[in-house]
>>> print(open('input-v7.txt').read())   # compact mmCIF, C-alpha atoms
# COMPACT_ATOMS: atom_id res chain seq x y z
CA MET A 1 -10.05 14.72 38.79
CA THR A 2 -7.65 13.96 35.94
CA ASP A 3 -7.99 16.09 32.83
CA PHE A 4 -6.84 13.54 30.26
CA ARG A 5 -7.30 15.93 27.35
CA ASN A 6 -5.22 18.81 28.66
CA PRO A 7 -2.34 17.75 30.89
CA ARG A 8 -0.43 20.81 32.09
CA HIS A 9 2.73 19.07 33.32
CA VAL A 10 4.00 16.28 31.08
CA VAL A 11 7.08 14.25 32.03
CA ILE A 12 8.75 12.18 29.31
CA THR A 13 11.59 9.71 29.83
CA GLY A 14 13.48 8.50 26.78
CA ALA A 15 12.93 11.93 25.25
CA THR A 16 16.02 11.61 23.04
CA GLY A 17 14.45 8.63 21.27
CA GLU A 18 12.27 9.12 18.20
CA ILE A 19 8.94 8.48 19.91
CA GLY A 20 9.82 10.37 23.09
CA GLY A 21 11.08 13.37 21.15
CA ALA A 22 8.06 13.42 18.86
CA LEU A 23 5.75 13.30 21.88
CA ALA A 24 7.57 16.24 23.48
CA LEU A 25 7.00 18.29 20.35
CA GLU A 26 3.39 17.11 20.12
CA TYR A 27 2.59 18.32 23.64
CA ALA A 28 4.66 21.52 23.50
CA ALA A 29 2.34 24.52 23.65
CA PRO A 30 1.80 27.72 25.66
CA GLY A 31 0.81 26.93 29.23
CA VAL A 32 2.32 23.42 29.14
CA ARG A 33 5.29 22.45 31.31
CA LEU A 34 7.51 19.71 29.89
CA THR A 35 10.07 17.81 31.94
CA LEU A 36 12.35 15.72 29.76
CA THR A 37 15.10 13.22 30.37
CA GLY A 38 17.24 11.12 28.06
CA ARG A 39 20.76 9.87 27.42
CA LYS A 40 21.95 12.41 24.84
CA GLU A 41 22.64 15.85 26.27
CA GLU A 42 22.99 17.70 22.98
CA ARG A 43 19.76 16.21 21.66
CA LEU A 44 17.97 17.17 24.90
CA LYS A 45 19.17 20.76 24.57
CA GLU A 46 18.02 20.90 20.96
CA LEU A 47 14.65 19.34 21.79
CA ALA A 48 14.10 21.71 24.72
CA SER A 49 14.78 24.68 22.44
CA GLN A 50 12.31 23.37 19.85
CA CYS A 51 9.62 22.88 22.49
CA GLU A 52 10.24 26.33 23.98
CA SER A 53 9.84 27.86 20.53
CA LYS A 54 6.32 26.40 20.55
CA GLY A 55 5.57 28.19 23.83
CA ALA A 56 6.16 25.41 26.36
CA SER A 57 8.09 25.78 29.60
CA VAL A 58 10.82 23.12 29.55
CA SER A 59 13.22 21.59 32.05
CA TRP A 60 15.52 18.70 31.20
CA LYS A 61 18.10 16.42 32.73
CA THR A 62 20.39 13.69 31.44
CA LEU A 63 19.87 10.68 33.62
CA ASP A 64 20.95 7.04 33.74
CA VAL A 65 17.62 5.26 34.17
CA CYS A 66 19.47 2.21 35.51
CA ASP A 67 20.41 4.27 38.57
CA ALA A 68 17.15 3.53 40.38
CA PRO A 69 17.76 5.69 43.48
CA ALA A 70 18.63 8.72 41.32
CA LEU A 71 15.68 8.07 39.01
CA ARG A 72 13.23 7.76 41.88
CA SER A 73 14.56 10.87 43.62
CA TRP A 74 14.31 12.83 40.38
CA ILE A 75 10.67 11.97 39.72
CA ARG A 76 9.69 12.68 43.33
CA GLU A 77 11.45 16.06 43.29
CA THR A 78 9.90 16.87 39.92
CA ASP A 79 6.42 16.05 41.19
CA ALA A 80 6.93 17.95 44.45
CA ALA A 81 7.89 21.09 42.53
CA ASN A 82 5.02 20.78 40.02
CA PRO A 83 2.52 17.92 40.29
CA VAL A 84 2.80 15.60 37.30
CA ASP A 85 -0.37 15.29 35.23
CA LEU A 86 1.02 12.85 32.66
CA LEU A 87 4.07 10.60 32.87
CA ILE A 88 5.13 9.04 29.58
CA SER A 89 7.62 6.31 30.40
CA ALA A 90 9.33 5.82 27.03
CA ALA A 91 12.94 4.89 27.81
CA GLY A 92 13.97 1.69 26.08
CA ARG A 93 16.53 -0.10 23.93
CA ASN A 94 16.85 -3.28 21.93
CA THR A 95 19.19 -6.20 21.39
CA GLN A 96 19.01 -9.18 19.06
CA ILE A 97 20.38 -12.62 18.29
CA GLY A 98 23.51 -13.00 16.17
CA GLU A 99 23.68 -13.43 12.42
CA ASP A 100 24.48 -17.10 13.06
CA PHE A 101 21.40 -17.41 15.30
CA SER A 102 23.56 -17.39 18.42
CA MET A 103 21.95 -16.25 21.65
CA GLU A 104 21.90 -12.58 22.58
CA PRO A 105 25.03 -11.64 24.59
CA TYR A 106 24.03 -12.04 28.23
CA ASN A 107 25.49 -8.69 29.28
CA GLU A 108 23.16 -7.06 26.71
CA VAL A 109 20.24 -9.16 27.96
CA GLU A 110 20.84 -8.05 31.54
CA SER A 111 21.21 -4.41 30.53
CA LEU A 112 18.04 -4.53 28.43
CA VAL A 113 15.97 -5.95 31.29
CA HIS A 114 17.19 -3.16 33.56
CA ILE A 115 16.48 -0.40 31.01
CA ASN A 116 13.25 -1.63 29.46
CA LEU A 117 11.63 -3.15 32.52
CA MET A 118 13.17 -2.42 35.91
CA ALA A 119 13.78 1.28 35.24
CA ASN A 120 10.16 1.74 34.20
CA LEU A 121 8.90 -0.07 37.30
CA ALA A 122 11.19 1.94 39.58
CA LEU A 123 10.03 5.22 38.03
CA ILE A 124 6.32 4.48 38.14
CA ASP A 125 6.43 3.01 41.64
CA ALA A 126 8.01 6.22 42.93
CA LEU A 127 5.30 8.45 41.44
CA VAL A 128 2.15 6.42 42.05
CA PRO A 129 1.77 7.19 45.78
CA GLU A 130 1.48 10.94 45.13
CA MET A 131 -0.97 10.43 42.26
CA ARG A 132 -3.07 8.22 44.52
CA ARG A 133 -2.98 10.83 47.26
CA ARG A 134 -4.17 13.52 44.81
CA LYS A 135 -6.60 11.12 43.13
CA SER A 136 -5.45 12.35 39.75
CA GLY A 137 -2.76 11.71 37.18
CA HIS A 138 -2.07 9.61 34.12
CA ILE A 139 0.72 7.09 33.50
CA ALA A 140 1.55 6.03 29.93
CA ILE A 141 3.86 3.06 29.46
CA VAL A 142 5.51 2.56 26.07
CA ALA A 143 5.56 -1.15 25.31
CA SER A 144 5.33 -2.58 21.76
CA LEU A 145 3.13 -4.75 19.56
CA ALA A 146 5.94 -7.28 20.10
CA ALA A 147 4.37 -7.76 23.54
CA TYR A 148 1.70 -9.93 21.92
CA TYR A 149 3.97 -12.46 20.20
CA GLY A 150 7.64 -13.31 20.71
CA LEU A 151 9.70 -12.62 17.57
CA VAL A 152 12.62 -14.90 16.81
CA TYR A 153 15.27 -12.18 16.42
CA THR A 154 14.55 -10.18 19.60
CA PRO A 155 13.52 -12.52 22.43
CA THR A 156 14.55 -10.32 25.36
CA TYR A 157 13.03 -7.18 23.86
CA CYS A 158 9.74 -9.02 23.36
CA ALA A 159 9.86 -10.39 26.90
CA THR A 160 10.36 -6.95 28.46
CA LYS A 161 7.57 -5.42 26.41
CA ALA A 162 5.19 -8.25 27.30
CA ALA A 163 6.01 -7.65 30.96
CA LEU A 164 5.29 -3.93 30.61
CA LYS A 165 1.94 -4.67 28.96
CA SER A 166 0.92 -6.95 31.82
CA TYR A 167 2.19 -4.51 34.43
CA GLY A 168 0.25 -1.63 32.90
CA THR A 169 -2.92 -3.69 32.66
CA SER A 170 -2.61 -4.65 36.33
CA LEU A 171 -1.96 -1.06 37.42
CA ARG A 172 -4.94 0.25 35.47
CA ALA A 173 -7.31 -2.07 37.32
CA LEU A 174 -5.67 -1.12 40.64
CA LEU A 175 -5.64 2.65 40.19
CA ALA A 176 -8.73 3.47 38.10
CA PRO A 177 -11.09 3.55 41.12
CA GLU A 178 -8.81 6.18 42.66
CA GLY A 179 -8.92 8.51 39.65
CA VAL A 180 -5.48 7.65 38.25
CA GLY A 181 -5.30 6.55 34.60
CA VAL A 182 -2.86 4.01 33.18
CA SER A 183 -2.44 3.44 29.45
CA VAL A 184 -0.17 0.99 27.64
CA ILE A 185 1.18 2.19 24.30
CA LEU A 186 1.83 -0.57 21.76
CA PRO A 187 3.53 0.84 18.67
CA GLY A 188 4.42 -1.13 15.59
CA TYR A 189 7.43 -0.09 13.51
CA VAL A 190 8.26 3.57 14.03
CA ASP A 191 11.13 4.85 11.88
CA SER A 192 14.24 5.34 14.01
CA PRO A 193 17.86 4.15 14.12
CA MET A 194 16.83 1.39 16.56
CA CYS A 195 14.02 0.24 14.29
CA ARG A 196 16.26 0.28 11.24
CA ALA A 197 18.79 -1.91 13.10
CA MET A 198 16.22 -4.60 13.75
CA PRO A 199 16.32 -7.52 11.30
CA GLY A 200 13.25 -8.69 9.45
CA PRO A 201 10.56 -6.88 7.46
CA LYS A 202 8.97 -3.72 8.83
CA PRO A 203 5.40 -3.53 7.50
CA PHE A 204 3.48 -0.28 7.85
CA LEU A 205 6.60 1.62 8.92
CA MET A 206 5.46 4.95 10.40
CA LYS A 207 7.09 8.31 11.00
CA ALA A 208 7.48 9.34 14.63
CA ASP A 209 5.36 12.50 14.36
CA LYS A 210 2.38 10.48 13.10
CA ALA A 211 2.87 7.97 15.91
CA ALA A 212 2.91 10.82 18.44
CA ARG A 213 -0.42 12.15 17.15
CA ILE A 214 -2.01 8.70 17.47
CA ILE A 215 -0.63 8.28 20.98
CA ARG A 216 -1.83 11.68 22.12
CA LYS A 217 -5.32 11.04 20.77
CA GLY A 218 -5.48 7.72 22.60
CA LEU A 219 -4.19 9.21 25.84
CA SER A 220 -6.71 12.04 25.66
CA LYS A 221 -9.42 9.36 25.78
CA ASN A 222 -7.71 7.44 28.59
CA ARG A 223 -7.58 4.29 26.50
CA ALA A 224 -6.28 1.20 28.22
CA ARG A 225 -4.23 0.15 25.20
CA ILE A 226 -3.09 2.24 22.26
CA GLY A 227 -1.96 -0.17 19.55
CA PHE A 228 -1.09 0.90 16.02
CA PRO A 229 -1.00 0.77 13.05
CA PHE A 230 -4.36 -0.98 12.89
CA PRO A 231 -3.55 -3.75 10.34
CA LEU A 232 -0.40 -4.83 12.19
CA ASN A 233 -2.12 -4.50 15.56
CA LEU A 234 -4.95 -6.73 14.41
CA GLY A 235 -2.65 -9.25 12.74
CA ILE A 236 -0.29 -9.79 15.66
CA TRP A 237 -3.18 -9.82 18.12
CA PHE A 238 -4.78 -12.69 16.19
CA LEU A 239 -1.41 -14.43 15.90
CA SER A 240 -1.14 -14.47 19.69
CA PHE A 241 -4.30 -16.60 19.89
CA PHE A 242 -3.18 -19.24 17.41
CA PRO A 243 -1.67 -22.50 18.72
CA TYR A 244 2.10 -22.51 18.28
CA PHE A 245 2.09 -25.14 15.53
CA LEU A 246 0.06 -22.71 13.41
CA ALA A 247 1.47 -19.38 14.64
CA ALA A 248 5.18 -20.16 14.15
CA PRO A 249 4.94 -21.22 10.48
CA LEU A 250 2.68 -18.27 9.74
CA ALA A 251 5.14 -15.86 11.36
CA ALA A 252 7.94 -17.43 9.28
CA VAL A 253 5.97 -16.87 6.07
CA PHE A 254 5.99 -13.15 6.81
CA GLY A 255 9.72 -13.10 7.53
CA TYR A 256 9.69 -13.61 11.30
CA GLY A 257 11.11 -17.13 11.39
CA ARG A 258 14.70 -18.34 11.13
CA ASN A 259 14.48 -18.59 7.36
CA GLY A 260 13.46 -14.91 7.19
CA ARG A 261 17.04 -13.82 7.80
CA ASN A 262 18.41 -16.33 5.32
CA SER A 263 16.10 -14.98 2.65
CA GLY A 264 17.77 -11.59 2.89
CA GLN A 265 15.04 -9.84 4.88
CA THR A 266 17.35 -8.11 7.30
CA GLY A 267 17.51 -4.57 8.57
CA SER A 268 20.45 -2.21 8.07
CA THR A 269 22.64 -1.48 11.07
CA GLY A 270 21.75 1.25 13.38
CA LYS A 271 17.81 2.29 16.02
>>> encode(input="input-v7.txt", output="structure tokens")
Amino acid sequence: MTDFRNPRHVVITGATGEIGGALALEYAAPGVRLTLTGRKEERLKELASQCESKGASVSWKTLDVCDAPALRSWIRETDAANPVDLLISAAGRNTQIGEDFSMEPYNEVESLVHINLMANLALIDALVPEMRRRKSGHIAIVASLAAYYGLVYTPTYCATKAALKSYGTSLRALLAPEGVGVSVILPGYVDSPMCRAMPGPKPFLMKADKAARIIRKGLSKNRARIGFPFPLNLGIWFLSFFPYFLAAPLAAVFGYGRNGRNSGQTGSTGK
């Protein structure tokens, strides 16, 4: 049986990102094993040291999540050595349209689909059979509130996050009878270089450590969806139900239409 409140082995991909790193620190404690992966070796070393100072046992590896065979071998070997109680699949990036409203560069589109979507599917697919065999385990997929409504500046990002939301919802229905939990995490704007690079307003911007506490609380209750902050979650959820002729003008009023960029509501460079 899965102990959702006290996972003893937590695996986090995208640990060098703001949310992934904050979650590693949130779960770090005596008796907890953390397995971390990310793109930035120095940041991984620093994060591992911080988590160890809180009493956790930590292993880490830099890994290209687009290398599906290597990714799948890594998670299988990790699970074989110490069964995974909680997998937090948090690796992801962003891209956006040009200042002149040109389409996103296709090479960036292709890369984003591989990182945000295919890598997550490859990782989860490799771990699920063992969780099903044990009839325990918990998979947390980091999507975004952008999964509910496509934003004009980041079409591919929104598409990948919508796909992850649907995938997680499907898996939850499939695996729940076998004792395996699946939760989809739907953050709003969490302060990070990637977030700051995104154009448009960023209402209810949240620090990563606060986001990590909200996520952990939701995961401890095995919630199907963990969306936050509440006002933005509620607003974009309602927006997704409106017919397009009402939703698009309303989104533009709040800075998420083409005229939002022209009005000077753009983000600084850098996520």
>>> closest_residue(input="input-v7.txt", among="A:Leu186, A:Ala24, A:Val152, A:Met1", to="A:Glu104", atoms="all atoms listed in the file")
A:Val152
>>> closest_residue(input="input-v7.txt", among="A:Asn94, A:Ser89, A:Thr35, A:Ser111", to="A:Met198", atoms="all atoms listed in the file")
A:Asn94
>>> closest_residue(input="input-v7.txt", among="A:Asp79, A:Gly150, A:Glu41, A:Gly92", to="A:Ser240", atoms="all atoms listed in the file")
A:Gly150
>>> residues_around(input="input-v7.txt", residues="A:Pro69", least_positions_apart="5", cutoff="10 Å", atoms="all atoms listed in the file", output="list in words")
Trp74, Ala122, Leu123 and Ala126 of chain A
>>> closest_residue(input="input-v7.txt", among="A:Val113, A:Ile12, A:Tyr167, A:Ile75", to="A:Pro129", atoms="all atoms listed in the file")
A:Ile75
>>> closest_residue(input="input-v7.txt", among="A:Ala163, A:Leu219, A:Leu47, A:Ile236", to="A:Ile139", atoms="only C-alpha atoms")
A:Leu219
>>> atom_distance(input="input-v7.txt", atom1="atom CA of A:Met118", atom2="atom CA of A:Ala91")
10.9 Å
>>> residues_around(input="input-v7.txt", residues="A:Asp64", least_positions_apart="3", cutoff="9 Å", atoms="only C-alpha atoms", output="list of chain:residue names")
A:Gly38, A:Arg39, A:Asp67, A:Ala68, A:Ala70, A:Leu71
>>> closest_residue(input="input-v7.txt", among="A:Arg132, A:Lys61, A:Arg213, A:Arg76", to="A:Leu171", atoms="all atoms listed in the file")
A:Arg132
>>> atom_distance(input="input-v7.txt", atom1="atom CA of A:Ser170", atom2="atom CA of A:Phe230")
23.8 Å
>>> residues_around(input="input-v7.txt", residues="A:Glu46", least_positions_apart="3", cutoff="12 Å", atoms="only C-alpha atoms", output="PyMOL selection string")
chain A and resi 15-16+21+24-25+36+40-43+49-53+58+60
>>> write_last_selection(input="input-v7.txt", atoms="C-alpha atoms", output="mmCIF file, in the coordinates of the input")
data_model
loop_
_atom_site.group_PDB
_atom_site.id
_atom_site.type_symbol
_atom_site.label_atom_id
_atom_site.label_comp_id
_atom_site.auth_asym_id
_atom_site.auth_seq_id
_atom_site.Cartn_x
_atom_site.Cartn_y
_atom_site.Cartn_z
ATOM 1 C CA ALA A 15 12.930 11.930 25.250
ATOM 2 C CA THR A 16 16.020 11.610 23.040
ATOM 3 C CA GLY A 21 11.080 13.370 21.150
ATOM 4 C CA ALA A 24 7.570 16.240 23.480
ATOM 5 C CA LEU A 25 7.000 18.290 20.350
ATOM 6 C CA LEU A 36 12.350 15.720 29.760
ATOM 7 C CA LYS A 40 21.950 12.410 24.840
ATOM 8 C CA GLU A 41 22.640 15.850 26.270
ATOM 9 C CA GLU A 42 22.990 17.700 22.980
ATOM 10 C CA ARG A 43 19.760 16.210 21.660
ATOM 11 C CA SER A 49 14.780 24.680 22.440
ATOM 12 C CA GLN A 50 12.310 23.370 19.850
ATOM 13 C CA CYS A 51 9.620 22.880 22.490
ATOM 14 C CA GLU A 52 10.240 26.330 23.980
ATOM 15 C CA SER A 53 9.840 27.860 20.530
ATOM 16 C CA VAL A 58 10.820 23.120 29.550
ATOM 17 C CA TRP A 60 15.520 18.700 31.200
#
>>> atom_distance(input="input-v7.txt", atom1="atom CA of A:Cys195", atom2="atom CA of A:His138")
27.2 Å
>>> axis_aligned_box(input="input-v7.txt", around="stretch 76-95 of chain A", padding_each_side="4 Å", output="AutoDock Vina command-line options")
--center_x 9.4 --center_y 7.4 --center_z 32.9 --size_x 27.6 --size_y 35.3 --size_z 31.1
>>> residues_near_point(input="input-v7.txt", point="(5.1, 8.9, 18.5)", cutoff="6 Å", atoms="only C-alpha atoms", output="tab-separated table (two decimals) with C-alpha atoms, in the coordinates of the input")
chain	number	residue	atom	x	y	z
A	19	ILE	CA	8.94	8.48	19.91
A	22	ALA	CA	8.06	13.42	18.86
A	23	LEU	CA	5.75	13.30	21.88
A	208	ALA	CA	7.48	9.34	14.63
A	209	ASP	CA	5.36	12.50	14.36
A	211	ALA	CA	2.87	7.97	15.91
A	212	ALA	CA	2.91	10.82	18.44
>>> residues_around(input="input-v7.txt", residues="A:Leu87", least_positions_apart="4", cutoff="9 Å", atoms="all atoms listed in the file", output="mmCIF file with C-alpha atoms, keeping the file's coordinate frame")
data_model
loop_
_atom_site.group_PDB
_atom_site.id
_atom_site.type_symbol
_atom_site.label_atom_id
_atom_site.label_comp_id
_atom_site.auth_asym_id
_atom_site.auth_seq_id
_atom_site.Cartn_x
_atom_site.Cartn_y
_atom_site.Cartn_z
ATOM 1 C CA HIS A 9 2.730 19.070 33.320
ATOM 2 C CA VAL A 10 4.000 16.280 31.080
ATOM 3 C CA VAL A 11 7.080 14.250 32.030
ATOM 4 C CA ILE A 12 8.750 12.180 29.310
ATOM 5 C CA THR A 13 11.590 9.710 29.830
ATOM 6 C CA ILE A 124 6.320 4.480 38.140
ATOM 7 C CA LEU A 127 5.300 8.450 41.440
ATOM 8 C CA GLY A 137 -2.760 11.710 37.180
ATOM 9 C CA HIS A 138 -2.070 9.610 34.120
ATOM 10 C CA ILE A 139 0.720 7.090 33.500
ATOM 11 C CA ALA A 140 1.550 6.030 29.930
ATOM 12 C CA ILE A 141 3.860 3.060 29.460
#
>>> residues_around(input="input-v7.txt", residues="A:Asn116", least_positions_apart="6", cutoff="9 Å", atoms="only C-alpha atoms", output="list in words")
Ala90, Ala91, Gly92, Arg93, Asn94, Ala143, Tyr157, Thr160, Lys161 and Leu164 of chain A
>>> decode(input="input-v7.txt", residues="stretch 210-232 of chain A", atoms="N, CA, C and O atoms", output="PDB file, in the first residue's frame")
ATOM      1  N   LYS A 210       7.251  28.289  -1.471  1.00  0.00           N
ATOM      2  CA  LYS A 210       5.820  28.235  -1.147  1.00  0.00           C
ATOM      3  C   LYS A 210       5.107  27.260  -2.068  1.00  0.00           C
ATOM      4  O   LYS A 210       4.257  26.475  -1.630  1.00  0.00           O
ATOM      5  N   ALA A 211       5.466  27.284  -3.354  1.00  0.00           N
ATOM      6  CA  ALA A 211       4.872  26.337  -4.299  1.00  0.00           C
ATOM      7  C   ALA A 211       5.163  24.903  -3.880  1.00  0.00           C
ATOM      8  O   ALA A 211       4.283  24.032  -3.955  1.00  0.00           O
ATOM      9  N   ALA A 212       6.391  24.642  -3.439  1.00  0.00           N
ATOM     10  CA  ALA A 212       6.769  23.287  -3.029  1.00  0.00           C
ATOM     11  C   ALA A 212       5.933  22.817  -1.839  1.00  0.00           C
ATOM     12  O   ALA A 212       5.548  21.641  -1.776  1.00  0.00           O
ATOM     13  N   ARG A 213       5.657  23.712  -0.902  1.00  0.00           N
ATOM     14  CA  ARG A 213       4.835  23.327   0.260  1.00  0.00           C
ATOM     15  C   ARG A 213       3.416  22.977  -0.169  1.00  0.00           C
ATOM     16  O   ARG A 213       2.822  22.014   0.324  1.00  0.00           O
ATOM     17  N   ILE A 214       2.862  23.745  -1.113  1.00  0.00           N
ATOM     18  CA  ILE A 214       1.511  23.467  -1.612  1.00  0.00           C
ATOM     19  C   ILE A 214       1.486  22.129  -2.338  1.00  0.00           C
ATOM     20  O   ILE A 214       0.568  21.318  -2.152  1.00  0.00           O
ATOM     21  N   ILE A 215       2.501  21.887  -3.148  1.00  0.00           N
ATOM     22  CA  ILE A 215       2.567  20.631  -3.902  1.00  0.00           C
ATOM     23  C   ILE A 215       2.681  19.439  -2.956  1.00  0.00           C
ATOM     24  O   ILE A 215       1.971  18.437  -3.111  1.00  0.00           O
ATOM     25  N   ARG A 216       3.557  19.555  -1.971  1.00  0.00           N
ATOM     26  CA  ARG A 216       3.724  18.432  -1.046  1.00  0.00           C
ATOM     27  C   ARG A 216       2.430  18.140  -0.292  1.00  0.00           C
ATOM     28  O   ARG A 216       2.062  16.969  -0.109  1.00  0.00           O
ATOM     29  N   LYS A 217       1.737  19.166   0.126  1.00  0.00           N
ATOM     30  CA  LYS A 217       0.477  18.961   0.843  1.00  0.00           C
ATOM     31  C   LYS A 217      -0.525  18.238  -0.044  1.00  0.00           C
ATOM     32  O   LYS A 217      -1.211  17.302   0.388  1.00  0.00           O
ATOM     33  N   GLY A 218      -0.612  18.661  -1.313  1.00  0.00           N
ATOM     34  CA  GLY A 218      -1.539  18.012  -2.231  1.00  0.00           C
ATOM     35  C   GLY A 218      -1.163  16.574  -2.513  1.00  0.00           C
ATOM     36  O   GLY A 218      -2.025  15.685  -2.571  1.00  0.00           O
ATOM     37  N   LEU A 219       0.133  16.315  -2.674  1.00  0.00           N
ATOM     38  CA  LEU A 219       0.584  14.947  -2.927  1.00  0.00           C
ATOM     39  C   LEU A 219       0.340  14.045  -1.723  1.00  0.00           C
ATOM     40  O   LEU A 219       0.030  12.861  -1.875  1.00  0.00           O
ATOM     41  N   SER A 220       0.481  14.598  -0.520  1.00  0.00           N
ATOM     42  CA  SER A 220       0.264  13.789   0.677  1.00  0.00           C
ATOM     43  C   SER A 220      -1.182  13.313   0.776  1.00  0.00           C
ATOM     44  O   SER A 220      -1.472  12.315   1.451  1.00  0.00           O
ATOM     45  N   LYS A 221      -2.083  14.018   0.086  1.00  0.00           N
ATOM     46  CA  LYS A 221      -3.500  13.639   0.076  1.00  0.00           C
ATOM     47  C   LYS A 221      -3.885  12.903  -1.203  1.00  0.00           C
ATOM     48  O   LYS A 221      -5.067  12.638  -1.444  1.00  0.00           O
ATOM     49  N   ASN A 222      -2.881  12.606  -2.029  1.00  0.00           N
ATOM     50  CA  ASN A 222      -3.119  11.910  -3.295  1.00  0.00           C
ATOM     51  C   ASN A 222      -4.173  12.618  -4.135  1.00  0.00           C
ATOM     52  O   ASN A 222      -5.061  11.990  -4.732  1.00  0.00           O
ATOM     53  N   ARG A 223      -4.076  13.925  -4.229  1.00  0.00           N
ATOM     54  CA  ARG A 223      -5.037  14.669  -5.035  1.00  0.00           C
ATOM     55  C   ARG A 223      -4.792  14.432  -6.521  1.00  0.00           C
ATOM     56  O   ARG A 223      -3.661  14.332  -6.965  1.00  0.00           O
ATOM     57  N   ALA A 224      -5.871  14.362  -7.269  1.00  0.00           N
ATOM     58  CA  ALA A 224      -5.757  14.134  -8.704  1.00  0.00           C
ATOM     59  C   ALA A 224      -5.097  15.320  -9.391  1.00  0.00           C
ATOM     60  O   ALA A 224      -4.247  15.149 -10.269  1.00  0.00           O
ATOM     61  N   ARG A 225      -5.494  16.519  -9.009  1.00  0.00           N
ATOM     62  CA  ARG A 225      -4.937  17.740  -9.580  1.00  0.00           C
ATOM     63  C   ARG A 225      -4.587  18.706  -8.460  1.00  0.00           C
ATOM     64  O   ARG A 225      -5.371  18.906  -7.526  1.00  0.00           O
ATOM     65  N   ILE A 226      -3.413  19.303  -8.581  1.00  0.00           N
ATOM     66  CA  ILE A 226      -2.946  20.268  -7.591  1.00  0.00           C
ATOM     67  C   ILE A 226      -2.704  21.579  -8.335  1.00  0.00           C
ATOM     68  O   ILE A 226      -1.638  21.814  -8.902  1.00  0.00           O
ATOM     69  N   GLY A 227      -3.733  22.413  -8.397  1.00  0.00           N
ATOM     70  CA  GLY A 227      -3.655  23.682  -9.114  1.00  0.00           C
ATOM     71  C   GLY A 227      -3.575  24.843  -8.144  1.00  0.00           C
ATOM     72  O   GLY A 227      -4.293  24.875  -7.142  1.00  0.00           O
ATOM     73  N   PHE A 228      -2.717  25.799  -8.430  1.00  0.00           N
ATOM     74  CA  PHE A 228      -2.530  26.951  -7.555  1.00  0.00           C
ATOM     75  C   PHE A 228      -1.855  28.083  -8.320  1.00  0.00           C
ATOM     76  O   PHE A 228      -1.257  27.835  -9.383  1.00  0.00           O
ATOM     77  N   PRO A 229      -1.939  29.314  -7.829  1.00  0.00           N
ATOM     78  CA  PRO A 229      -2.718  29.781  -6.674  1.00  0.00           C
ATOM     79  C   PRO A 229      -4.223  29.776  -6.980  1.00  0.00           C
ATOM     80  O   PRO A 229      -4.615  29.833  -8.154  1.00  0.00           O
ATOM     81  N   PHE A 230      -5.022  29.725  -5.937  1.00  0.00           N
ATOM     82  CA  PHE A 230      -6.458  29.511  -6.104  1.00  0.00           C
ATOM     83  C   PHE A 230      -7.124  30.527  -7.035  1.00  0.00           C
ATOM     84  O   PHE A 230      -7.890  30.125  -7.924  1.00  0.00           O
ATOM     85  N   PRO A 231      -6.894  31.839  -6.887  1.00  0.00           N
ATOM     86  CA  PRO A 231      -7.624  32.772  -7.771  1.00  0.00           C
ATOM     87  C   PRO A 231      -7.304  32.559  -9.246  1.00  0.00           C
ATOM     88  O   PRO A 231      -8.208  32.592 -10.091  1.00  0.00           O
ATOM     89  N   LEU A 232      -6.045  32.319  -9.572  1.00  0.00           N
ATOM     90  CA  LEU A 232      -5.657  32.100 -10.961  1.00  0.00           C
ATOM     91  C   LEU A 232      -6.166  30.750 -11.457  1.00  0.00           C
ATOM     92  O   LEU A 232      -6.625  30.626 -12.597  1.00  0.00           O
TER      93      LEU A 232
END
